[in-house]
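Peer 1: Dropping in query-v6.tsv, which is TSV, C-alpha atoms (C1' of nucleotides):
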```tsv
chain	number	residue	atom	x	y	z
N	1279	MET	CA	76.28	98.06	89.24
N	1280	GLN	CA	79.47	97.23	87.47
N	1281	GLY	CA	79.21	96.59	83.77
N	1282	LYS	CA	81.88	99.10	83.11
N	1283	ASN	CA	85.28	97.75	83.68
N	1284	LEU	CA	86.38	94.71	81.75
N	1285	SER	CA	89.19	93.75	84.11
N	1286	ASP	CA	86.64	93.36	86.90
N	1287	VAL	CA	84.41	91.30	84.65
N	1288	ILE	CA	87.23	88.98	83.71
N	1289	GLU	CA	88.24	88.72	87.35
N	1290	ALA	CA	84.70	87.76	88.30
N	1291	TYR	CA	84.54	85.20	85.52
N	1292	LEU	CA	87.68	83.47	86.71
N	1293	LYS	CA	86.74	83.64	90.37
N	1294	LYS	CA	83.39	82.12	89.63
N	1295	ILE	CA	85.14	79.09	88.24
N	1296	LEU	CA	87.50	79.05	91.20
N	1297	ALA	CA	84.57	79.05	93.58
N	1298	ASN	CA	83.85	75.51	92.51
N	1299	ASP	CA	87.25	74.22	91.50
N	1300	GLU	CA	90.63	74.43	93.14
N	1301	LYS	CA	92.19	75.69	89.95
N	1302	VAL	CA	91.39	77.00	86.52
N	1303	GLU	CA	93.43	76.54	83.40
N	1304	ILE	CA	92.86	78.90	80.52
N	1305	SER	CA	94.19	79.80	77.13
N	1306	ARG	CA	95.16	83.45	77.29
N	1307	SER	CA	94.05	84.19	73.75
N	1308	ASP	CA	90.73	82.39	74.20
N	1309	ILE	CA	89.85	84.47	77.22
N	1310	ALA	CA	91.03	87.59	75.45
N	1311	ASN	CA	88.76	86.74	72.55
N	1312	LEU	CA	85.87	85.89	74.81
N	1313	PHE	CA	85.92	89.35	76.34
N	1314	ASP	CA	87.23	91.11	73.26
N	1315	VAL	CA	90.38	92.52	74.81
N	1316	VAL	CA	94.02	92.30	73.85
N	1317	PRO	CA	95.79	89.26	75.29
N	1318	SER	CA	98.06	91.26	77.51
N	1319	GLN	CA	95.08	92.47	79.44
N	1320	ILE	CA	94.74	89.00	80.81
N	1321	ASN	CA	98.21	89.42	82.26
N	1322	TYR	CA	97.11	92.70	83.78
N	1323	VAL	CA	94.10	91.09	85.41
N	1324	ILE	CA	96.22	88.31	86.82
N	1325	LYS	CA	98.92	90.61	88.03
N	1326	THR	CA	96.51	92.89	89.82
N	1327	ARG	CA	93.93	90.40	91.10
N	1328	PHE	CA	95.43	86.96	91.43
N	1329	THR	CA	98.55	87.61	93.47
N	1330	ILE	CA	99.84	85.57	96.34
N	1331	GLN	CA	98.47	88.26	98.63
N	1332	ASN	CA	95.08	87.38	97.22
N	1333	GLY	CA	95.70	83.75	97.90
N	1334	TYR	CA	96.44	82.56	94.39
N	1335	THR	CA	99.42	81.18	92.56
N	1336	VAL	CA	99.83	81.26	88.82
N	1337	GLU	CA	101.78	79.02	86.49
N	1338	SER	CA	101.98	79.21	82.75
N	1339	LYS	CA	103.57	77.70	79.72
N	1340	ARG	CA	104.21	79.27	76.33
N	1341	GLY	CA	104.32	77.70	72.95
N	1342	GLY	CA	101.94	75.24	71.40
N	1343	GLY	CA	99.42	73.99	73.91
N	1344	GLY	CA	100.38	76.79	76.24
N	1345	TYR	CA	98.20	77.75	79.17
N	1346	ILE	CA	97.80	79.87	82.24
N	1347	ARG	CA	96.82	78.04	85.37
N	1348	ILE	CA	95.48	79.86	88.39
N	1349	GLU	CA	95.33	77.97	91.62
N	1350	LYS	CA	93.97	78.78	95.03
N	1351	VAL	CA	96.89	78.39	97.37
N	1352	LYS	CA	96.50	75.35	99.48
N	1353	LEU	CA	97.74	76.22	102.91
N	1354	LEU	CA	98.18	73.67	105.60
N	1355	ASP	CA	97.11	75.67	108.61
N	1356	ASN	CA	96.80	79.15	109.97
N	1357	LEU	CA	100.48	79.45	110.72
N	1358	ASP	CA	101.25	78.53	107.16
N	1359	ILE	CA	98.90	81.23	105.93
N	1360	LEU	CA	100.48	83.80	108.20
N	1361	ASP	CA	103.99	82.87	107.15
N	1362	THR	CA	103.04	83.05	103.50
N	1363	LEU	CA	101.44	86.44	103.87
N	1364	ILE	CA	104.23	87.86	106.00
N	1365	ASN	CA	106.67	86.71	103.40
N	1366	ALA	CA	104.61	88.24	100.61
N	1367	ILE	CA	104.45	91.55	102.44
N	1368	GLY	CA	108.17	91.86	102.91
N	1369	ASN	CA	109.12	95.31	104.09
N	1370	SER	CA	106.92	97.34	101.77
N	1371	ILE	CA	103.36	96.97	100.60
N	1372	SER	CA	100.94	99.16	98.68
N	1373	GLN	CA	97.43	99.82	99.85
N	1374	ARG	CA	96.07	97.69	97.10
N	1375	GLU	CA	98.18	94.71	98.08
N	1376	GLY	CA	97.36	95.39	101.70
N	1377	LYS	CA	93.68	95.08	100.95
N	1378	ALA	CA	94.36	91.81	99.22
N	1379	VAL	CA	96.10	90.52	102.34
N	1380	ILE	CA	93.20	91.56	104.52
N	1381	GLY	CA	90.83	89.83	102.14
N	1382	THR	CA	92.82	86.64	102.43
N	1383	LEU	CA	92.83	86.85	106.22
N	1384	LEU	CA	89.08	87.24	106.19
N	1385	ALA	CA	88.56	84.44	103.69
N	1386	ASN	CA	90.53	82.13	105.92
N	1387	GLU	CA	88.73	83.30	109.02
N	1388	LEU	CA	91.89	84.45	110.70
N	1389	VAL	CA	90.17	87.68	111.59
N	1390	THR	CA	86.58	88.74	112.10
N	1391	VAL	CA	84.85	91.28	109.90
N	1392	ASN	CA	85.28	93.90	112.58
N	1393	GLU	CA	88.96	93.17	112.94
N	1394	ALA	CA	89.37	93.34	109.20
N	1395	ASP	CA	87.73	96.74	109.22
N	1396	LEU	CA	90.10	97.95	111.90
N	1397	LEU	CA	93.02	96.65	109.92
N	1398	SER	CA	91.75	98.40	106.82
N	1399	ALA	CA	91.44	101.62	108.73
N	1400	ALA	CA	94.94	101.31	110.11
N	1401	SER	CA	96.51	100.62	106.74
N	1402	ASP	CA	94.40	102.95	104.69
N	1403	LYS	CA	96.23	105.29	102.40
N	1404	GLN	CA	94.52	108.29	103.89
N	1405	THR	CA	95.49	107.20	107.35
N	1406	LEU	CA	99.15	106.74	106.56
N	1407	SER	CA	99.41	109.76	104.33
N	1408	ILE	CA	102.64	111.55	105.16
N	1409	GLY	CA	103.72	112.68	101.73
N	1410	ASN	CA	106.25	109.95	101.09
N	1411	LYS	CA	104.84	106.98	99.32
N	1412	GLU	CA	107.71	104.62	99.86
N	1413	LEU	CA	107.81	105.38	103.57
N	1414	GLU	CA	104.05	104.90	103.71
N	1415	ASN	CA	104.39	101.50	102.14
N	1416	GLU	CA	107.12	100.56	104.58
N	1417	ILE	CA	105.06	101.64	107.57
N	1418	ARG	CA	102.07	99.79	106.21
N	1419	ALA	CA	104.22	96.68	105.91
N	1420	LYS	CA	105.41	97.03	109.50
N	1421	ILE	CA	101.91	97.44	110.81
N	1422	MET	CA	100.59	94.49	108.88
N	1423	VAL	CA	103.46	92.20	109.76
N	1424	SER	CA	103.15	93.17	113.39
N	1425	ILE	CA	99.47	92.35	113.38
N	1426	LEU	CA	99.96	89.11	111.50
N	1427	ASN	CA	102.50	88.06	114.07
N	1428	HIS	CA	100.05	88.82	116.84
N	1429	LEU	CA	97.48	86.66	115.11
N	1430	ARG	CA	99.71	83.69	115.72
N	1431	TYR	CA	98.72	83.74	119.33
N	1432	LYS	CA	95.12	84.58	118.93
N	1433	SER	CA	92.87	82.02	120.48
F	551	MET	CA	66.80	128.87	102.94
F	552	GLN	CA	68.24	125.74	101.50
F	553	GLY	CA	68.68	124.92	97.84
F	554	LYS	CA	70.29	128.22	97.19
F	555	ASN	CA	73.64	126.99	96.09
F	556	LEU	CA	74.58	124.12	93.88
F	557	SER	CA	76.38	122.18	96.56
F	558	ASP	CA	73.14	122.02	98.51
F	559	VAL	CA	71.27	120.90	95.42
F	560	ILE	CA	73.74	118.13	94.72
F	561	GLU	CA	73.65	117.11	98.36
F	562	ALA	CA	69.85	116.89	98.23
F	563	TYR	CA	69.97	114.90	95.02
F	564	LEU	CA	72.27	112.30	96.52
F	565	LYS	CA	70.42	112.15	99.82
F	566	LYS	CA	67.15	111.62	98.03
F	567	ILE	CA	68.60	108.49	96.48
F	568	LEU	CA	70.00	107.45	99.84
F	569	ALA	CA	66.58	107.80	101.39
F	570	ASN	CA	65.54	104.71	99.47
F	571	ASP	CA	68.80	102.84	99.06
F	572	GLU	CA	71.58	101.98	101.44
F	573	LYS	CA	74.16	103.29	99.04
F	574	VAL	CA	74.61	105.22	95.86
F	575	GLU	CA	77.30	104.76	93.27
F	576	ILE	CA	78.02	107.59	90.91
F	577	SER	CA	80.39	108.65	88.21
F	578	ARG	CA	81.94	111.90	89.33
F	579	SER	CA	81.96	113.40	85.87
F	580	ASP	CA	78.37	112.37	85.16
F	581	ILE	CA	77.11	114.15	88.25
F	582	ALA	CA	79.30	117.13	87.49
F	583	ASN	CA	77.79	117.28	84.02
F	584	LEU	CA	74.28	116.82	85.32
F	585	PHE	CA	74.58	119.91	87.49
F	586	ASP	CA	77.00	121.72	85.23
F	587	VAL	CA	79.78	122.11	87.74
F	588	VAL	CA	83.45	121.20	87.63
F	589	PRO	CA	84.16	117.64	88.78
F	590	SER	CA	86.06	118.68	91.84
F	591	GLN	CA	82.95	120.27	93.24
F	592	ILE	CA	81.60	116.79	93.74
F	593	ASN	CA	84.56	116.16	96.01
F	594	TYR	CA	83.74	119.33	97.88
F	595	VAL	CA	80.14	118.28	98.39
F	596	ILE	CA	81.21	114.90	99.65
F	597	LYS	CA	83.86	116.27	101.92
F	598	THR	CA	81.56	118.78	103.54
F	599	ARG	CA	78.28	116.84	103.61
F	600	PHE	CA	78.91	113.14	103.59
F	601	THR	CA	81.31	112.74	106.47
F	602	ILE	CA	81.41	109.89	108.92
F	603	GLN	CA	80.10	112.25	111.57
F	604	ASN	CA	77.00	112.56	109.45
F	605	GLY	CA	76.74	108.82	109.06
F	606	TYR	CA	78.22	108.23	105.65
F	607	THR	CA	81.23	106.37	104.36
F	608	VAL	CA	82.71	106.95	100.95
F	609	GLU	CA	84.77	104.70	98.70
F	610	SER	CA	86.03	105.41	95.24
F	611	LYS	CA	88.08	104.02	92.42
F	612	ARG	CA	89.88	105.86	89.63
F	613	GLY	CA	90.62	104.72	86.13
F	614	GLY	CA	88.35	103.09	83.62
F	615	GLY	CA	85.03	102.20	85.19
F	616	GLY	CA	85.84	104.39	88.16
F	617	TYR	CA	83.19	105.42	90.64
F	618	ILE	CA	82.38	107.11	93.91
F	619	ARG	CA	80.23	105.13	96.28
F	620	ILE	CA	78.49	106.72	99.22
F	621	GLU	CA	77.02	104.50	101.87
F	622	LYS	CA	74.76	105.24	104.77
F	623	VAL	CA	75.91	103.61	107.98
F	624	LYS	CA	74.25	103.05	111.31
F	625	LEU	CA	75.91	105.18	113.91
F	626	LEU	CA	76.30	103.64	117.33
F	627	ASP	CA	76.01	105.06	120.79
F	628	ASN	CA	79.04	106.16	122.73
F	629	LEU	CA	79.83	108.68	120.05
F	630	ASP	CA	80.61	111.22	122.73
F	631	ILE	CA	83.35	108.98	124.07
F	632	LEU	CA	84.84	108.63	120.64
F	633	ASP	CA	84.70	112.36	120.07
F	634	THR	CA	86.39	112.96	123.38
F	635	LEU	CA	89.15	110.49	122.58
F	636	ILE	CA	89.67	111.82	119.08
F	637	ASN	CA	89.91	115.26	120.49
F	638	ALA	CA	92.37	114.16	123.12
F	639	ILE	CA	94.56	112.48	120.55
F	640	GLY	CA	94.83	115.49	118.31
F	641	ASN	CA	97.49	115.00	115.71
F	642	SER	CA	100.16	113.42	117.85
F	643	ILE	CA	100.16	110.82	120.57
F	644	SER	CA	102.82	108.84	122.39
F	645	GLN	CA	102.70	105.12	122.83
F	646	ARG	CA	101.95	105.51	126.52
F	647	GLU	CA	99.00	107.76	125.82
F	648	GLY	CA	97.92	105.44	123.06
F	649	LYS	CA	97.75	102.56	125.50
F	650	ALA	CA	95.56	104.64	127.71
F	651	VAL	CA	93.19	105.32	124.84
F	652	ILE	CA	92.98	101.63	124.07
F	653	GLY	CA	92.29	100.98	127.73
F	654	THR	CA	89.41	103.41	127.65
F	655	LEU	CA	87.99	101.72	124.59
F	656	LEU	CA	88.15	98.37	126.32
F	657	ALA	CA	86.66	99.68	129.52
F	658	ASN	CA	83.73	101.06	127.60
F	659	GLU	CA	83.39	97.87	125.59
F	660	LEU	CA	83.87	99.69	122.36
F	661	VAL	CA	86.33	97.02	121.28
F	662	THR	CA	86.86	93.39	122.14
F	663	VAL	CA	90.04	92.10	123.71
F	664	ASN	CA	91.20	90.79	120.38
F	665	GLU	CA	90.54	94.09	118.69
F	666	ALA	CA	92.40	95.89	121.44
F	667	ASP	CA	95.36	93.60	120.91
F	668	LEU	CA	95.28	94.32	117.23
F	669	LEU	CA	95.18	98.03	117.92
F	670	SER	CA	98.10	97.72	120.29
F	671	ALA	CA	100.11	95.88	117.69
F	672	ALA	CA	99.36	98.54	115.10
F	673	SER	CA	100.35	101.42	117.33
F	674	ASP	CA	103.24	99.76	119.09
F	675	LYS	CA	106.43	101.74	119.38
F	676	GLN	CA	108.41	99.01	117.73
F	677	THR	CA	105.95	98.70	114.87
F	678	LEU	CA	106.08	102.37	114.06
F	679	SER	CA	109.78	102.73	114.62
F	680	ILE	CA	111.14	104.86	111.80
F	681	GLY	CA	113.75	106.84	113.61
F	682	ASN	CA	111.70	109.98	114.06
F	683	LYS	CA	109.82	110.19	117.29
F	684	GLU	CA	107.57	113.07	116.39
F	685	LEU	CA	106.62	111.52	113.05
F	686	GLU	CA	105.94	108.25	114.82
F	687	ASN	CA	103.60	109.99	117.21
F	688	GLU	CA	101.82	111.69	114.36
F	689	ILE	CA	101.35	108.46	112.49
F	690	ARG	CA	100.13	106.78	115.65
F	691	ALA	CA	97.60	109.56	116.05
F	692	LYS	CA	96.38	109.14	112.50
F	693	ILE	CA	95.99	105.41	112.89
F	694	MET	CA	94.12	105.73	116.14
F	695	VAL	CA	91.82	108.48	114.91
F	696	SER	CA	91.07	106.49	111.80
F	697	ILE	CA	90.18	103.45	113.85
F	698	LEU	CA	88.09	105.46	116.30
F	699	ASN	CA	86.15	106.83	113.39
F	700	HIS	CA	85.49	103.31	112.20
F	701	LEU	CA	84.13	102.47	115.58
F	702	ARG	CA	81.36	104.96	115.06
F	703	TYR	CA	79.34	102.53	113.04
F	704	LYS	CA	78.59	98.87	112.60
F	705	SER	CA	79.62	97.16	109.40
I	599	DC	C1'	84.59	144.69	106.48
I	600	DC	C1'	85.62	140.17	107.73
I	601	DA	C1'	84.99	135.32	108.06
I	602	DT	C1'	83.30	131.47	106.08
I	603	DC	C1'	81.46	128.90	102.43
I	604	DT	C1'	81.27	127.90	97.43
I	605	DT	C1'	83.05	127.60	92.86
I	606	DT	C1'	86.68	126.95	89.61
I	607	DG	C1'	90.58	124.99	87.34
I	608	DA	C1'	95.37	123.52	87.01
I	609	DC	C1'	97.91	119.88	88.38
I	610	DT	C1'	98.40	115.06	90.35
I	611	DA	C1'	97.47	110.11	91.06
I	612	DA	C1'	95.45	105.72	90.27
I	613	DT	C1'	93.68	102.31	87.30
I	614	DA	C1'	92.56	100.31	82.81
I	615	DT	C1'	93.42	99.46	77.93
I	616	DT	C1'	96.23	98.85	73.97
I	617	DG	C1'	99.88	97.32	71.01
I	618	DA	C1'	104.66	96.65	69.61
I	619	DC	C1'	108.20	93.78	70.62
I	620	DT	C1'	110.37	89.63	73.12
I	621	DT	C1'	110.76	84.97	74.87
I	622	DT	C1'	109.59	80.27	75.28
I	623	DT	C1'	107.92	75.97	73.60
I	624	DA	C1'	106.04	72.88	70.14
I	625	DT	C1'	105.69	71.38	65.48
I	626	DT	C1'	107.18	70.80	60.88
I	627	DA	C1'	110.42	70.44	57.14
I	628	DT	C1'	114.92	69.10	55.56
K	709	DA	C1'	118.82	65.42	64.53
K	710	DT	C1'	118.71	70.18	63.21
K	711	DA	C1'	116.86	74.22	61.50
K	712	DA	C1'	113.00	76.82	60.38
K	713	DT	C1'	108.47	78.03	61.48
K	714	DA	C1'	104.37	78.51	64.19
K	715	DA	C1'	101.99	79.10	68.38
K	716	DA	C1'	101.61	80.30	72.39
K	717	DA	C1'	102.56	83.60	76.72
K	718	DG	C1'	105.43	87.75	78.82
K	719	DT	C1'	107.07	92.58	79.17
K	720	DC	C1'	106.82	97.23	78.99
K	721	DA	C1'	105.73	101.62	77.84
K	722	DA	C1'	102.30	104.69	75.70
K	723	DT	C1'	97.70	106.22	75.98
K	724	DA	C1'	93.08	106.61	77.92
K	725	DT	C1'	90.00	107.08	81.64
K	726	DT	C1'	88.71	108.06	85.59
K	727	DA	C1'	89.01	110.48	90.60
K	728	DG	C1'	91.81	113.52	94.16
K	729	DT	C1'	94.22	117.72	95.87
K	730	DC	C1'	94.92	122.29	96.64
K	731	DA	C1'	94.79	126.93	96.44
K	732	DA	C1'	92.98	131.01	94.31
K	733	DA	C1'	88.94	133.60	93.18
K	734	DG	C1'	84.18	134.65	94.01
K	735	DA	C1'	79.97	134.89	96.76
K	736	DT	C1'	77.42	135.35	101.02
K	737	DG	C1'	76.08	136.48	105.53
K	738	DG	C1'	76.82	138.81	109.89
```
For this file, produce the structure as structure tokens.
Peer 2:
Amino acid sequence: MQGKNLSDVIEAYLKKILANDEKVEISRSDIANLFDVVPSQINYVIKTRFTIQNGYTVESKRGGGGYIRIEKVKLLDNLDILDTLINAIGNSISQREGKAVIGTLLANELVTVNEADLLSAASDKQTLSIGNKELENEIRAKIMVSILNHLRYKS
Amino acid sequence: MQGKNLSDVIEAYLKKILANDEKVEISRSDIANLFDVVPSQINYVIKTRFTIQNGYTVESKRGGGGYIRIEKVKLLDNLDILDTLINAIGNSISQREGKAVIGTLLANELVTVNEADLLSAASDKQTLSIGNKELENEIRAKIMVSILNHLRYKS
DNA sequence: CCATCTTTGACTAATATTGACTTTTATTAT
DNA sequence: ATAATAAAAGTCAATATTAGTCAAAGATGG
């Protein structure tokens, strides 16, 4: 199904660890060696797949004994999750980041699968296509923030 | 009758796979090579023969390891209502009219109360406020049509 | 002949991969 | 202690690898 793209494979590898543990601490070069990619690709994977929108935080240290630590964000309650996501969205968000937000909402059971689908439809690139990418991203942000705010009062 | 042109042949090829499996994932260029057509013809086939009206959804990803995935979905009843609403919306709809559409959806139990709330939030005047009434109405129409199309099938 | 459908290809957009160069931190030598 | 060196990770832009769009040209059927 998907043996093609190394970034996805690395993502899956890390998420498998994170399924059991709260955090994972890696050596960038070790992981790069393990999958036979250049070290900076690890940064790419992290930057595209382990963002705060996805529900992860990342810390690192350089130099001898350096590391990259990926942690599932530990949120106190639903309101905390919503605040965090709203903050992460700001006033502009790409479709990709938007999907990450929806994934986090679903993972935390703040929305049902059906609601997530509706949200996806509403924030889809095709849907918001008006020939101005920055405006699209701003509208997407407004829609998502509006919905997140409504979720505060959802029973 | 059928099978005359290549688009039909490609359509048949994909539908034969979909007769056994729920979904099919292809590489656009591979299929284009297989049938000796330009890649964009695959897009044409998909756009004309694998629409949501026909019971298919399509996802894709570009870049390394990219793909096009076509999935068969179970269409629900009440499609005539959706068609009517989509038709009524056209490519522009005011907030007032939008509320009416949402009301119709609720009345026909095509959405839950929570989903209706979510839809309201997404199409709210304040949410879509960008200082251009006509553009706002067009975006609202796109969002609502996109969501109505999602309501055609069950995830 | 006209309308619609199909085929083609030039251009665009998104995503992934790579590598040269930079920055930070730790360790070692003086 | 300080300076030099080594050992990490970070940044960024170039390149590669896909898929998408759009409109023109060609084919087909009524």
Peer 1: So these two share a sequence; what Cα RMSD do you get laying chain N over chain F, all Cα, in order, least squares?
Peer 2: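 My reading of the C-alpha RMSD is 11.5 Å.
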Peer 1: Counting all atoms listed in the file, collect the residues of chain I whose closest atom lies at most 6 Å from chain N, and write them out as a PyMOL selection string.
Peer 2: chain I and resi 622-624
Peer 1: Counting all atoms listed in the file, what are the residues of chain K within 8 Å of chain F, and for each of them which pair of atoms is the nearest and at what distance in Å, to one decimal? Sort the table by chain and rising number, as JSON lines.
Peer 2:
```
{"residue": "K:DT725", "atom": "C1'", "partner": "F:Gly614", "partner_atom": "CA", "distance": 4.8}
{"residue": "K:DT726", "atom": "C1'", "partner": "F:Gly613", "partner_atom": "CA", "distance": 3.9}
{"residue": "K:DA727", "atom": "C1'", "partner": "F:Arg612", "partner_atom": "CA", "distance": 4.8}
{"residue": "K:DG728", "atom": "C1'", "partner": "F:Asn593", "partner_atom": "CA", "distance": 7.9}
```
Peer 1: Which chain F residues are at most 8 Å from chain N (counting only C-alpha atoms), as a list in words?
Peer 2: Glu575, Gly614, Gly615, Asn664, Glu665, Asp667, Leu668, Leu669, Ala671, Ala672, Ser673, Thr677, Leu678, Ile689, Lys692, Ile693, Met694, Ser696, Ile697, His700 and Ser705 of chain F
Peer 1: What is the distance between CA of Arg1327 (chain N) and CA of Thr1382 (chain N), in Å to one decimal?
Peer 2: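 For CA of Arg1327 (chain N) relative to CA of Thr1382 (chain N), the distance reads 12.0 Å.
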Peer 1: For CA of Ala638 (chain F) and CA of Thr601 (chain F), determine how far apart the two atoms are, in Å to one decimal place.
Peer 2: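 Going from CA of Ala638 (chain F) over to CA of Thr601 (chain F) covers 20.0 Å.
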Peer 1: Please tell me which residues are no farther than 12 Å from (96.3, 117.9, 86.9) in the file, counting all atoms listed in the file, and write them as a list in words.
Peer 2: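 Output: Ser590 of chain F; DG607, DA608, DC609, DT610 and DA611 of chain I; DA727, DG728, DT729 and DC730 of chain K.
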Peer 1: What is the CA of Asp580 (chain F)-C1' of DT615 (chain I) distance in Å, reported with one decimal?
Peer 2: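 Answer for the CA of Asp580 (chain F) to C1' of DT615 (chain I) separation: 21.1 Å.
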